[in-house]
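Have a look at data23.pdb; it's PDB, C-alpha atoms, pLDDT in the B column:
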ATOM      1  CA  MET N   1    -112.689 -90.497  -3.608  1.00 46.00           C
ATOM      2  CA  ALA N   2    -116.002 -90.635  -1.745  1.00 62.00           C
ATOM      3  CA  MET N   3    -116.232 -93.063   1.171  1.00 76.00           C
ATOM      4  CA  ASN N   4    -118.674 -95.936   0.937  1.00 93.00           C
ATOM      5  CA  SER N   5    -121.302 -96.344   3.646  1.00 94.00           C
ATOM      6  CA  LYS N   6    -119.414 -98.947   5.633  1.00 94.00           C
ATOM      7  CA  GLU N   7    -116.198 -96.930   5.707  1.00 95.00           C
ATOM      8  CA  LEU N   8    -118.053 -93.797   6.793  1.00 97.00           C
ATOM      9  CA  ILE N   9    -119.799 -95.642   9.626  1.00 98.00           C
ATOM     10  CA  ALA N  10    -116.610 -97.377  10.795  1.00 96.00           C
ATOM     11  CA  ARG N  11    -114.653 -94.101  10.823  1.00 96.00           C
ATOM     12  CA  ARG N  12    -117.254 -92.418  13.005  1.00 98.00           C
ATOM     13  CA  VAL N  13    -117.612 -95.349  15.403  1.00 98.00           C
ATOM     14  CA  ALA N  14    -113.831 -95.430  15.893  1.00 97.00           C
ATOM     15  CA  LEU N  15    -114.022 -91.964  17.475  1.00 97.00           C
ATOM     16  CA  GLU N  16    -116.177 -93.373  20.289  1.00 98.00           C
ATOM     17  CA  MET N  17    -113.249 -95.450  21.580  1.00 97.00           C
ATOM     18  CA  LYS N  18    -111.218 -94.172  24.511  1.00 97.00           C
ATOM     19  CA  ASP N  19    -107.617 -95.018  25.248  1.00 96.00           C
ATOM     20  CA  GLY N  20    -107.479 -98.187  27.349  1.00 96.00           C
ATOM     21  CA  ASP N  21    -110.960 -99.457  26.453  1.00 97.00           C
ATOM     22  CA  VAL N  22    -111.618-103.187  26.200  1.00 97.00           C
ATOM     23  CA  VAL N  23    -113.725-103.547  23.062  1.00 97.00           C
ATOM     24  CA  ASN N  24    -115.637-106.335  21.323  1.00 96.00           C
ATOM     25  CA  LEU N  25    -116.404-105.884  17.630  1.00 93.00           C
ATOM     26  CA  GLY N  26    -119.197-107.894  16.010  1.00 90.00           C
ATOM     27  CA  ILE N  27    -118.823-109.626  12.669  1.00 87.00           C
ATOM     28  CA  GLY N  28    -119.084-107.718   9.406  1.00 87.00           C
ATOM     29  CA  LEU N  29    -119.008-103.923   9.388  1.00 92.00           C
ATOM     30  CA  PRO N  30    -117.915-103.507  13.051  1.00 92.00           C
ATOM     31  CA  THR N  31    -114.603-105.294  12.386  1.00 89.00           C
ATOM     32  CA  LEU N  32    -113.569-102.359  10.157  1.00 90.00           C
ATOM     33  CA  VAL N  33    -113.473-100.005  13.156  1.00 92.00           C
ATOM     34  CA  THR N  34    -109.909-101.041  14.072  1.00 87.00           C
ATOM     35  CA  ASN N  35    -108.634 -99.614  10.776  1.00 87.00           C
ATOM     36  CA  TYR N  36    -109.692 -96.084  11.758  1.00 92.00           C
ATOM     37  CA  LEU N  37    -108.727 -95.732  15.424  1.00 91.00           C
ATOM     38  CA  PRO N  38    -107.021 -92.383  16.157  1.00 91.00           C
ATOM     39  CA  ASN N  39    -103.239 -92.625  16.569  1.00 90.00           C
ATOM     40  CA  ASP N  40    -103.444 -91.620  20.219  1.00 93.00           C
ATOM     41  CA  VAL N  41    -106.014 -94.265  21.122  1.00 94.00           C
ATOM     42  CA  SER N  42    -105.002 -97.809  22.036  1.00 93.00           C
ATOM     43  CA  VAL N  43    -107.707-100.375  22.806  1.00 95.00           C
ATOM     44  CA  THR N  44    -107.662-104.051  23.722  1.00 96.00           C
ATOM     45  CA  LEU N  45    -109.827-106.037  21.352  1.00 94.00           C
ATOM     46  CA  HIS N  46    -111.743-109.033  22.682  1.00 95.00           C
ATOM     47  CA  SER N  47    -113.024-111.799  20.427  1.00 92.00           C
ATOM     48  CA  GLU N  48    -115.663-114.101  21.877  1.00 90.00           C
ATOM     49  CA  ASN N  49    -114.145-117.144  20.200  1.00 90.00           C
ATOM     50  CA  GLY N  50    -111.318-116.915  22.705  1.00 92.00           C
ATOM     51  CA  PHE N  51    -108.736-114.166  22.817  1.00 91.00           C
ATOM     52  CA  VAL N  52    -107.853-110.613  23.787  1.00 95.00           C
ATOM     53  CA  GLY N  53    -105.279-108.515  21.977  1.00 94.00           C
ATOM     54  CA  LEU N  54    -106.740-108.895  18.499  1.00 90.00           C
ATOM     55  CA  GLY N  55    -104.791-107.018  15.836  1.00 86.00           C
ATOM     56  CA  PRO N  56    -106.374-104.725  13.217  1.00 81.00           C
ATOM     57  CA  LEU N  57    -107.645-106.287   9.993  1.00 76.00           C
ATOM     58  CA  ALA N  58    -105.190-104.130   8.084  1.00 76.00           C
ATOM     59  CA  GLY N  59    -102.271-105.531  10.092  1.00 79.00           C
ATOM     60  CA  PRO N  60    -100.313-108.809   9.927  1.00 86.00           C
ATOM     61  CA  VAL N  61    -102.436-111.940  10.275  1.00 86.00           C
ATOM     62  CA  ASP N  62    -101.767-115.498  11.382  1.00 87.00           C
ATOM     63  CA  ALA N  63    -103.444-118.193   9.285  1.00 84.00           C
ATOM     64  CA  ASP N  64    -103.978-120.248  12.442  1.00 87.00           C
ATOM     65  CA  LEU N  65    -105.963-117.481  14.173  1.00 89.00           C
ATOM     66  CA  VAL N  66    -109.436-116.288  13.193  1.00 88.00           C
ATOM     67  CA  ASN N  67    -111.773-113.722  14.721  1.00 86.00           C
ATOM     68  CA  ALA N  68    -115.392-114.404  15.656  1.00 83.00           C
ATOM     69  CA  GLY N  69    -116.416-113.875  12.028  1.00 80.00           C
ATOM     70  CA  GLY N  70    -113.976-116.496  10.754  1.00 85.00           C
ATOM     71  CA  GLN N  71    -111.570-113.955   9.253  1.00 86.00           C
ATOM     72  CA  PRO N  72    -107.806-114.516   9.607  1.00 88.00           C
ATOM     73  CA  ALA N  73    -106.564-112.284  12.409  1.00 87.00           C
ATOM     74  CA  GLY N  74    -103.394-111.253  14.149  1.00 89.00           C
ATOM     75  CA  ILE N  75    -102.650-111.049  17.854  1.00 91.00           C
ATOM     76  CA  LEU N  76    -100.596-108.255  19.375  1.00 91.00           C
ATOM     77  CA  PRO N  77     -97.759-108.669  21.916  1.00 92.00           C
ATOM     78  CA  GLY N  78     -99.314-109.241  25.335  1.00 92.00           C
ATOM     79  CA  GLY N  79    -102.423-110.848  23.863  1.00 94.00           C
ATOM     80  CA  ALA N  80    -103.860-114.052  25.281  1.00 95.00           C
ATOM     81  CA  VAL N  81    -105.746-117.071  23.971  1.00 94.00           C
ATOM     82  CA  PHE N  82    -108.263-118.982  26.098  1.00 94.00           C
ATOM     83  CA  ASP N  83    -111.382-121.138  25.962  1.00 94.00           C
ATOM     84  CA  SER N  84    -114.994-120.022  25.557  1.00 90.00           C
ATOM     85  CA  LEU N  85    -115.623-120.340  29.289  1.00 93.00           C
ATOM     86  CA  MET N  86    -113.054-117.647  30.058  1.00 96.00           C
ATOM     87  CA  SER N  87    -114.130-115.547  27.075  1.00 95.00           C
ATOM     88  CA  PHE N  88    -117.736-115.334  28.220  1.00 94.00           C
ATOM     89  CA  ALA N  89    -116.698-114.890  31.842  1.00 96.00           C
ATOM     90  CA  LEU N  90    -115.077-111.653  30.681  1.00 95.00           C
ATOM     91  CA  VAL N  91    -118.277-110.636  28.875  1.00 96.00           C
ATOM     92  CA  ARG N  92    -120.710-111.597  31.621  1.00 95.00           C
ATOM     93  CA  GLY N  93    -118.448-110.236  34.335  1.00 95.00           C
ATOM     94  CA  GLY N  94    -118.799-106.694  33.009  1.00 95.00           C
ATOM     95  CA  HIS N  95    -115.217-106.335  31.788  1.00 96.00           C
ATOM     96  CA  LEU N  96    -116.081-104.937  28.331  1.00 97.00           C
ATOM     97  CA  ASP N  97    -116.174-101.167  27.994  1.00 98.00           C
ATOM     98  CA  VAL N  98    -117.724-101.182  24.514  1.00 98.00           C
ATOM     99  CA  THR N  99    -119.327-103.606  22.095  1.00 98.00           C
ATOM    100  CA  VAL N 100    -120.071-102.659  18.492  1.00 97.00           C
ATOM    101  CA  LEU N 101    -122.721-104.720  16.702  1.00 96.00           C
ATOM    102  CA  GLY N 102    -124.673-104.653  13.478  1.00 95.00           C
ATOM    103  CA  GLY N 103    -128.440-104.441  13.629  1.00 95.00           C
ATOM    104  CA  LEU N 104    -131.558-105.569  11.806  1.00 95.00           C
ATOM    105  CA  GLN N 105    -133.773-103.264  13.881  1.00 97.00           C
ATOM    106  CA  VAL N 106    -133.389-100.764  16.723  1.00 98.00           C
ATOM    107  CA  ASP N 107    -136.327 -98.988  18.321  1.00 98.00           C
ATOM    108  CA  GLU N 108    -136.913 -95.793  20.266  1.00 97.00           C
ATOM    109  CA  ARG N 109    -136.431 -97.527  23.620  1.00 98.00           C
ATOM    110  CA  GLY N 110    -133.002 -98.857  22.648  1.00 98.00           C
ATOM    111  CA  ASN N 111    -134.212-102.402  22.027  1.00 98.00           C
ATOM    112  CA  LEU N 112    -132.052-104.314  19.546  1.00 98.00           C
ATOM    113  CA  ALA N 113    -132.949-107.119  17.136  1.00 96.00           C
ATOM    114  CA  ASN N 114    -129.973-108.451  15.232  1.00 92.00           C
ATOM    115  CA  TRP N 115    -129.831-112.224  15.352  1.00 89.00           C
ATOM    116  CA  MET N 116    -132.658-113.723  13.306  1.00 85.00           C
ATOM    117  CA  VAL N 117    -135.511-113.208  10.878  1.00 79.00           C
ATOM    118  CA  PRO N 118    -138.418-115.618  11.486  1.00 75.00           C
ATOM    119  CA  GLY N 119    -138.570-118.300   8.819  1.00 77.00           C
ATOM    120  CA  LYS N 120    -134.916-117.841   7.798  1.00 78.00           C
ATOM    121  CA  MET N 121    -132.236-120.406   8.563  1.00 69.00           C
ATOM    122  CA  VAL N 122    -129.732-119.026  11.097  1.00 71.00           C
ATOM    123  CA  PRO N 123    -126.780-120.761  12.769  1.00 69.00           C
ATOM    124  CA  GLY N 124    -127.688-119.334  16.176  1.00 69.00           C
ATOM    125  CA  MET N 125    -127.575-116.115  18.160  1.00 69.00           C
ATOM    126  CA  GLY N 126    -123.838-116.313  18.794  1.00 74.00           C
ATOM    127  CA  GLY N 127    -122.624-114.180  21.664  1.00 87.00           C
ATOM    128  CA  ALA N 128    -124.774-111.133  20.926  1.00 92.00           C
ATOM    129  CA  MET N 129    -127.203-111.548  23.835  1.00 94.00           C
ATOM    130  CA  ASP N 130    -124.343-111.832  26.304  1.00 95.00           C
ATOM    131  CA  LEU N 131    -122.477-108.904  24.758  1.00 96.00           C
ATOM    132  CA  VAL N 132    -125.340-106.420  24.907  1.00 97.00           C
ATOM    133  CA  ALA N 133    -126.116-107.434  28.487  1.00 95.00           C
ATOM    134  CA  GLY N 134    -122.512-107.313  29.678  1.00 96.00           C
ATOM    135  CA  ALA N 135    -120.874-104.338  27.932  1.00 97.00           C
ATOM    136  CA  ARG N 136    -120.973-100.885  29.500  1.00 97.00           C
ATOM    137  CA  LYS N 137    -121.705 -99.228  26.132  1.00 98.00           C
ATOM    138  CA  VAL N 138    -123.502-100.766  23.141  1.00 98.00           C
ATOM    139  CA  ILE N 139    -123.035 -99.130  19.739  1.00 98.00           C
ATOM    140  CA  VAL N 140    -125.076-100.274  16.763  1.00 98.00           C
ATOM    141  CA  ALA N 141    -123.266 -99.714  13.463  1.00 98.00           C
ATOM    142  CA  MET N 142    -125.586-100.320  10.515  1.00 97.00           C
ATOM    143  CA  GLU N 143    -126.956 -98.899   7.304  1.00 96.00           C
ATOM    144  CA  HIS N 144    -129.953 -96.664   7.990  1.00 98.00           C
ATOM    145  CA  THR N 145    -132.496 -98.600   5.921  1.00 97.00           C
ATOM    146  CA  ALA N 146    -132.949-102.171   4.725  1.00 94.00           C
ATOM    147  CA  LYS N 147    -132.831-103.220   1.093  1.00 90.00           C
ATOM    148  CA  GLY N 148    -135.765-101.584  -0.615  1.00 91.00           C
ATOM    149  CA  GLY N 149    -135.650 -98.601   1.737  1.00 94.00           C
ATOM    150  CA  ALA N 150    -137.639 -99.983   4.683  1.00 96.00           C
ATOM    151  CA  PRO N 151    -136.732 -98.236   7.968  1.00 97.00           C
ATOM    152  CA  LYS N 152    -134.550-100.119  10.443  1.00 98.00           C
ATOM    153  CA  ILE N 153    -134.946 -97.577  13.259  1.00 98.00           C
ATOM    154  CA  LEU N 154    -138.482 -98.189  14.437  1.00 98.00           C
ATOM    155  CA  LYS N 155    -141.039 -97.199  17.042  1.00 98.00           C
ATOM    156  CA  GLN N 156    -140.991-100.836  18.174  1.00 98.00           C
ATOM    157  CA  CYS N 157    -138.964-103.813  16.967  1.00 97.00           C
ATOM    158  CA  ASP N 158    -141.046-106.622  15.502  1.00 95.00           C
ATOM    159  CA  LEU N 159    -138.204-109.136  15.127  1.00 94.00           C
ATOM    160  CA  PRO N 160    -137.023-111.329  18.035  1.00 93.00           C
ATOM    161  CA  LEU N 161    -135.002-109.168  20.419  1.00 95.00           C
ATOM    162  CA  THR N 162    -131.330-109.583  21.184  1.00 95.00           C
ATOM    163  CA  GLY N 163    -131.600-107.256  24.179  1.00 96.00           C
ATOM    164  CA  LYS N 164    -134.070-104.867  25.809  1.00 97.00           C
ATOM    165  CA  GLU N 165    -133.148-101.206  26.269  1.00 98.00           C
ATOM    166  CA  VAL N 166    -129.442-101.901  25.746  1.00 98.00           C
ATOM    167  CA  VAL N 167    -128.399 -99.600  22.881  1.00 98.00           C
ATOM    168  CA  SER N 168    -126.485 -96.421  23.728  1.00 98.00           C
ATOM    169  CA  LEU N 169    -125.681 -95.058  20.263  1.00 98.00           C
ATOM    170  CA  ILE N 170    -126.692 -95.725  16.642  1.00 98.00           C
ATOM    171  CA  VAL N 171    -124.291 -94.807  13.840  1.00 98.00           C
ATOM    172  CA  THR N 172    -125.464 -95.042  10.228  1.00 98.00           C
ATOM    173  CA  GLU N 173    -124.299 -93.594   6.921  1.00 97.00           C
ATOM    174  CA  LEU N 174    -126.796 -90.758   7.466  1.00 98.00           C
ATOM    175  CA  GLY N 175    -126.006 -89.680  11.002  1.00 98.00           C
ATOM    176  CA  VAL N 176    -125.419 -90.325  14.683  1.00 98.00           C
ATOM    177  CA  ILE N 177    -128.407 -90.955  16.945  1.00 98.00           C
ATOM    178  CA  ARG N 178    -128.195 -91.191  20.728  1.00 98.00           C
ATOM    179  CA  VAL N 179    -130.694 -93.225  22.753  1.00 98.00           C
ATOM    180  CA  THR N 180    -131.946 -91.168  25.720  1.00 98.00           C
ATOM    181  CA  PRO N 181    -134.807 -91.486  28.228  1.00 97.00           C
ATOM    182  CA  ALA N 182    -136.599 -88.735  26.277  1.00 96.00           C
ATOM    183  CA  GLY N 183    -136.274 -90.590  22.954  1.00 97.00           C
ATOM    184  CA  LEU N 184    -133.879 -90.797  20.020  1.00 98.00           C
ATOM    185  CA  VAL N 185    -131.765 -87.674  19.538  1.00 98.00           C
ATOM    186  CA  LEU N 186    -130.189 -86.899  16.169  1.00 98.00           C
ATOM    187  CA  GLU N 187    -126.827 -85.344  17.081  1.00 98.00           C
ATOM    188  CA  GLU N 188    -124.805 -85.436  13.854  1.00 98.00           C
ATOM    189  CA  ILE N 189    -125.521 -85.687  10.132  1.00 98.00           C
ATOM    190  CA  ALA N 190    -123.294 -87.029   7.361  1.00 97.00           C
ATOM    191  CA  PRO N 191    -121.911 -84.805   4.583  1.00 95.00           C
ATOM    192  CA  GLY N 192    -124.597 -83.822   2.073  1.00 95.00           C
ATOM    193  CA  ILE N 193    -127.426 -85.079   4.303  1.00 97.00           C
ATOM    194  CA  THR N 194    -130.149 -82.954   5.884  1.00 97.00           C
ATOM    195  CA  ALA N 195    -131.925 -83.546   9.164  1.00 98.00           C
ATOM    196  CA  GLU N 196    -135.195 -83.746   7.221  1.00 98.00           C
ATOM    197  CA  GLU N 197    -133.820 -86.635   5.161  1.00 98.00           C
ATOM    198  CA  VAL N 198    -132.797 -88.574   8.259  1.00 98.00           C
ATOM    199  CA  VAL N 199    -136.214 -87.980   9.832  1.00 98.00           C
ATOM    200  CA  SER N 200    -137.993 -89.127   6.656  1.00 98.00           C
ATOM    201  CA  LYS N 201    -136.071 -92.427   6.634  1.00 98.00           C
ATOM    202  CA  THR N 202    -136.651 -93.150  10.335  1.00 98.00           C
ATOM    203  CA  GLU N 203    -139.950 -94.589  11.576  1.00 98.00           C
ATOM    204  CA  ALA N 204    -139.288 -93.714  15.220  1.00 98.00           C
ATOM    205  CA  PRO N 205    -139.721 -90.065  16.221  1.00 98.00           C
ATOM    206  CA  LEU N 206    -136.409 -88.193  16.177  1.00 98.00           C
ATOM    207  CA  ILE N 207    -135.520 -85.247  18.365  1.00 98.00           C
ATOM    208  CA  VAL N 208    -133.193 -83.017  16.337  1.00 98.00           C
ATOM    209  CA  SER N 209    -130.528 -81.723  18.697  1.00 98.00           C
ATOM    210  CA  GLU N 210    -130.239 -77.965  19.096  1.00 96.00           C
ATOM    211  CA  SER N 211    -126.502 -78.465  18.657  1.00 97.00           C
ATOM    212  CA  LEU N 212    -126.815 -80.666  15.536  1.00 98.00           C
ATOM    213  CA  SER N 213    -123.417 -80.849  13.841  1.00 98.00           C
ATOM    214  CA  PRO N 214    -121.639 -82.477  10.883  1.00 97.00           C
ATOM    215  CA  MET N 215    -120.591 -86.066  11.505  1.00 97.00           C
ATOM    216  CA  LYS N 216    -117.180 -86.135  13.185  1.00 95.00           C
ATOM    217  CA  GLY N 217    -114.218 -87.752  11.516  1.00 88.00           C
ATOM    218  CA  VAL N 218    -115.677 -88.014   8.035  1.00 85.00           C
TER
END
Target encoding structure tokens, full file:
Amino acid sequence: MAMNSKELIARRVALEMKDGDVVNLGIGLPTLVTNYLPNDVSVTLHSENGFVGLGPLAGPVDADLVNAGGQPAGILPGGAVFDSLMSFALVRGGHLDVTVLGGLQVDERGNLANWMVPGKMVPGMGGAMDLVAGARKVIVAMEHTAKGGAPKILKQCDLPLTGKEVVSLIVTELGVIRVTPAGLVLEEIAPGITAEEVVSKTEAPLIVSESLSPMKGV
């Protein structure tokens, strides 16, 4: 059975985790990453609503515990629950190795817009601005284009920014793109996808890596 876009993205992002990492996963697609971690990789999951040691979505859950997206969650042995002050002290203190977030737009400089569309009602920016400023590595996990096919990887974001020059890696259902000082580098492509197709659906200029390879893990 063919993987859907979200599963493909989550599987590939999971391979970016290293054993021992402290990781924050944003709401929506990023929460699926825990279901695909390699067997030899153990990470500590942080949730900005107040705990570390979050269990995978596919594991046992406690009806009295929810993750930052409001989904019932489990907590692993050794986990801890605390208030928002401590939670954001961990984020702002530079204790997160990785954060994985969705995106509305990313541009060639690694700027990220993911918290609001002007004129639309939004509950607030949540913890995204703190996360992208505090984590050592920021991965954007998103579908490559918006509804209707409009590019989401742009020369310059035109939505309000979440963070400036913060994105390290972009993973979509089409490929893996690394943000570098020289520009956006297409490093991997998904099964059945060509580099030309990825380039055609990306507004920002793409540098196709000389060592372009199939997307790992999918």
Spatial neighbours of Glu210 (chain N), 12 Å, all atoms listed in the file, chain gap at least 6 places, as a ChimeraX atom specification: /N:185-188,195
Specify as a PDB file with C-alpha atoms, in the coordinates of the input each residue included when the PyMOL selection byres ((chain N and resi 4) around 12) is applied to this file.
ATOM      1  CA  MET N   1    -112.689 -90.497  -3.608  1.00 46.00           C
ATOM      2  CA  ALA N   2    -116.002 -90.635  -1.745  1.00 62.00           C
ATOM      3  CA  MET N   3    -116.232 -93.063   1.171  1.00 76.00           C
ATOM      4  CA  SER N   5    -121.302 -96.344   3.646  1.00 94.00           C
ATOM      5  CA  LYS N   6    -119.414 -98.947   5.633  1.00 94.00           C
ATOM      6  CA  GLU N   7    -116.198 -96.930   5.707  1.00 95.00           C
ATOM      7  CA  LEU N   8    -118.053 -93.797   6.793  1.00 97.00           C
ATOM      8  CA  ILE N   9    -119.799 -95.642   9.626  1.00 98.00           C
ATOM      9  CA  ALA N  10    -116.610 -97.377  10.795  1.00 96.00           C
ATOM     10  CA  ARG N  11    -114.653 -94.101  10.823  1.00 96.00           C
ATOM     11  CA  LEU N  29    -119.008-103.923   9.388  1.00 92.00           C
ATOM     12  CA  GLU N 143    -126.956 -98.899   7.304  1.00 96.00           C
ATOM     13  CA  THR N 172    -125.464 -95.042  10.228  1.00 98.00           C
ATOM     14  CA  GLU N 173    -124.299 -93.594   6.921  1.00 97.00           C
ATOM     15  CA  LEU N 174    -126.796 -90.758   7.466  1.00 98.00           C
ATOM     16  CA  ALA N 190    -123.294 -87.029   7.361  1.00 97.00           C
ATOM     17  CA  VAL N 218    -115.677 -88.014   8.035  1.00 85.00           C
TER      18      VAL N 218
END
Residue contacts of region 75-78 of chain N (12 Å, only C-alpha atoms) excluding same-chain residues fewer than 6 positions away, as a PyMOL selection string: chain N and resi 42-47+50-57+59-67
Explicit residue set for the PyMOL selection byres ((chain N and resi 157) around 10), as a ChimeraX atom specification: /N:104-113,152-156,158-161
Explicit residues for the PyMOL selection byres ((chain N and resi 18) around 12) (as a ChimeraX atom specification): /N:13-17,19-23,37-44,97-98,137
Mind completing region 20-29 of chain N with all heavy atoms? Output as a short mmCIF file (atom, residue, chain, number, x, y, z; two decimals), in the coordinates of the input, please?
data_model
loop_
_atom_site.label_atom_id
_atom_site.label_comp_id
_atom_site.auth_asym_id
_atom_site.auth_seq_id
_atom_site.Cartn_x
_atom_site.Cartn_y
_atom_site.Cartn_z
N GLY N 20 -107.39 -97.21 26.27
CA GLY N 20 -107.48 -98.19 27.35
C GLY N 20 -108.75 -99.01 27.36
O GLY N 20 -108.86 -99.95 28.15
N ASP N 21 -109.71 -98.69 26.50
CA ASP N 21 -110.96 -99.46 26.45
C ASP N 21 -110.72 -100.92 26.07
O ASP N 21 -109.83 -101.23 25.26
CB ASP N 21 -111.93 -98.86 25.42
CG ASP N 21 -112.73 -97.69 25.95
OD1 ASP N 21 -112.69 -97.44 27.16
OD2 ASP N 21 -113.41 -97.02 25.14
N VAL N 22 -111.53 -101.80 26.65
CA VAL N 22 -111.62 -103.19 26.20
C VAL N 22 -112.87 -103.27 25.33
O VAL N 22 -113.97 -102.95 25.78
CB VAL N 22 -111.72 -104.16 27.39
CG1 VAL N 22 -111.83 -105.60 26.88
CG2 VAL N 22 -110.50 -104.01 28.31
N VAL N 23 -112.68 -103.70 24.08
CA VAL N 23 -113.72 -103.55 23.06
C VAL N 23 -113.98 -104.87 22.36
O VAL N 23 -113.04 -105.59 22.00
CB VAL N 23 -113.30 -102.49 22.01
CG1 VAL N 23 -114.37 -102.36 20.92
CG2 VAL N 23 -113.03 -101.14 22.67
N ASN N 24 -115.25 -105.19 22.16
CA ASN N 24 -115.64 -106.34 21.32
C ASN N 24 -116.30 -105.81 20.06
O ASN N 24 -117.20 -104.97 20.13
CB ASN N 24 -116.60 -107.26 22.07
CG ASN N 24 -117.02 -108.45 21.23
OD1 ASN N 24 -117.83 -108.33 20.32
ND2 ASN N 24 -116.45 -109.61 21.52
N LEU N 25 -115.84 -106.29 18.91
CA LEU N 25 -116.40 -105.88 17.63
C LEU N 25 -117.14 -107.06 17.01
O LEU N 25 -116.57 -108.14 16.84
CB LEU N 25 -115.30 -105.40 16.68
CG LEU N 25 -114.46 -104.21 17.18
CD1 LEU N 25 -113.35 -103.92 16.18
CD2 LEU N 25 -115.34 -102.98 17.37
N GLY N 26 -118.41 -106.85 16.65
CA GLY N 26 -119.20 -107.89 16.01
C GLY N 26 -118.71 -108.19 14.61
O GLY N 26 -117.85 -107.48 14.06
N ILE N 27 -119.24 -109.23 14.01
CA ILE N 27 -118.82 -109.63 12.67
C ILE N 27 -119.33 -108.62 11.63
O ILE N 27 -120.28 -107.88 11.87
CB ILE N 27 -119.30 -111.06 12.32
CG1 ILE N 27 -120.83 -111.13 12.30
CG2 ILE N 27 -118.74 -112.06 13.33
CD1 ILE N 27 -121.36 -112.48 11.82
N GLY N 28 -118.66 -108.61 10.49
CA GLY N 28 -119.08 -107.72 9.41
C GLY N 28 -118.55 -106.31 9.59
O GLY N 28 -117.39 -106.10 9.97
N LEU N 29 -119.40 -105.33 9.36
CA LEU N 29 -119.01 -103.92 9.39
C LEU N 29 -118.22 -103.54 10.65
O LEU N 29 -117.21 -102.83 10.55
CB LEU N 29 -120.26 -103.05 9.24
CG LEU N 29 -120.11 -101.56 8.98
CD1 LEU N 29 -121.42 -100.99 8.46
CD2 LEU N 29 -119.68 -100.77 10.20
#
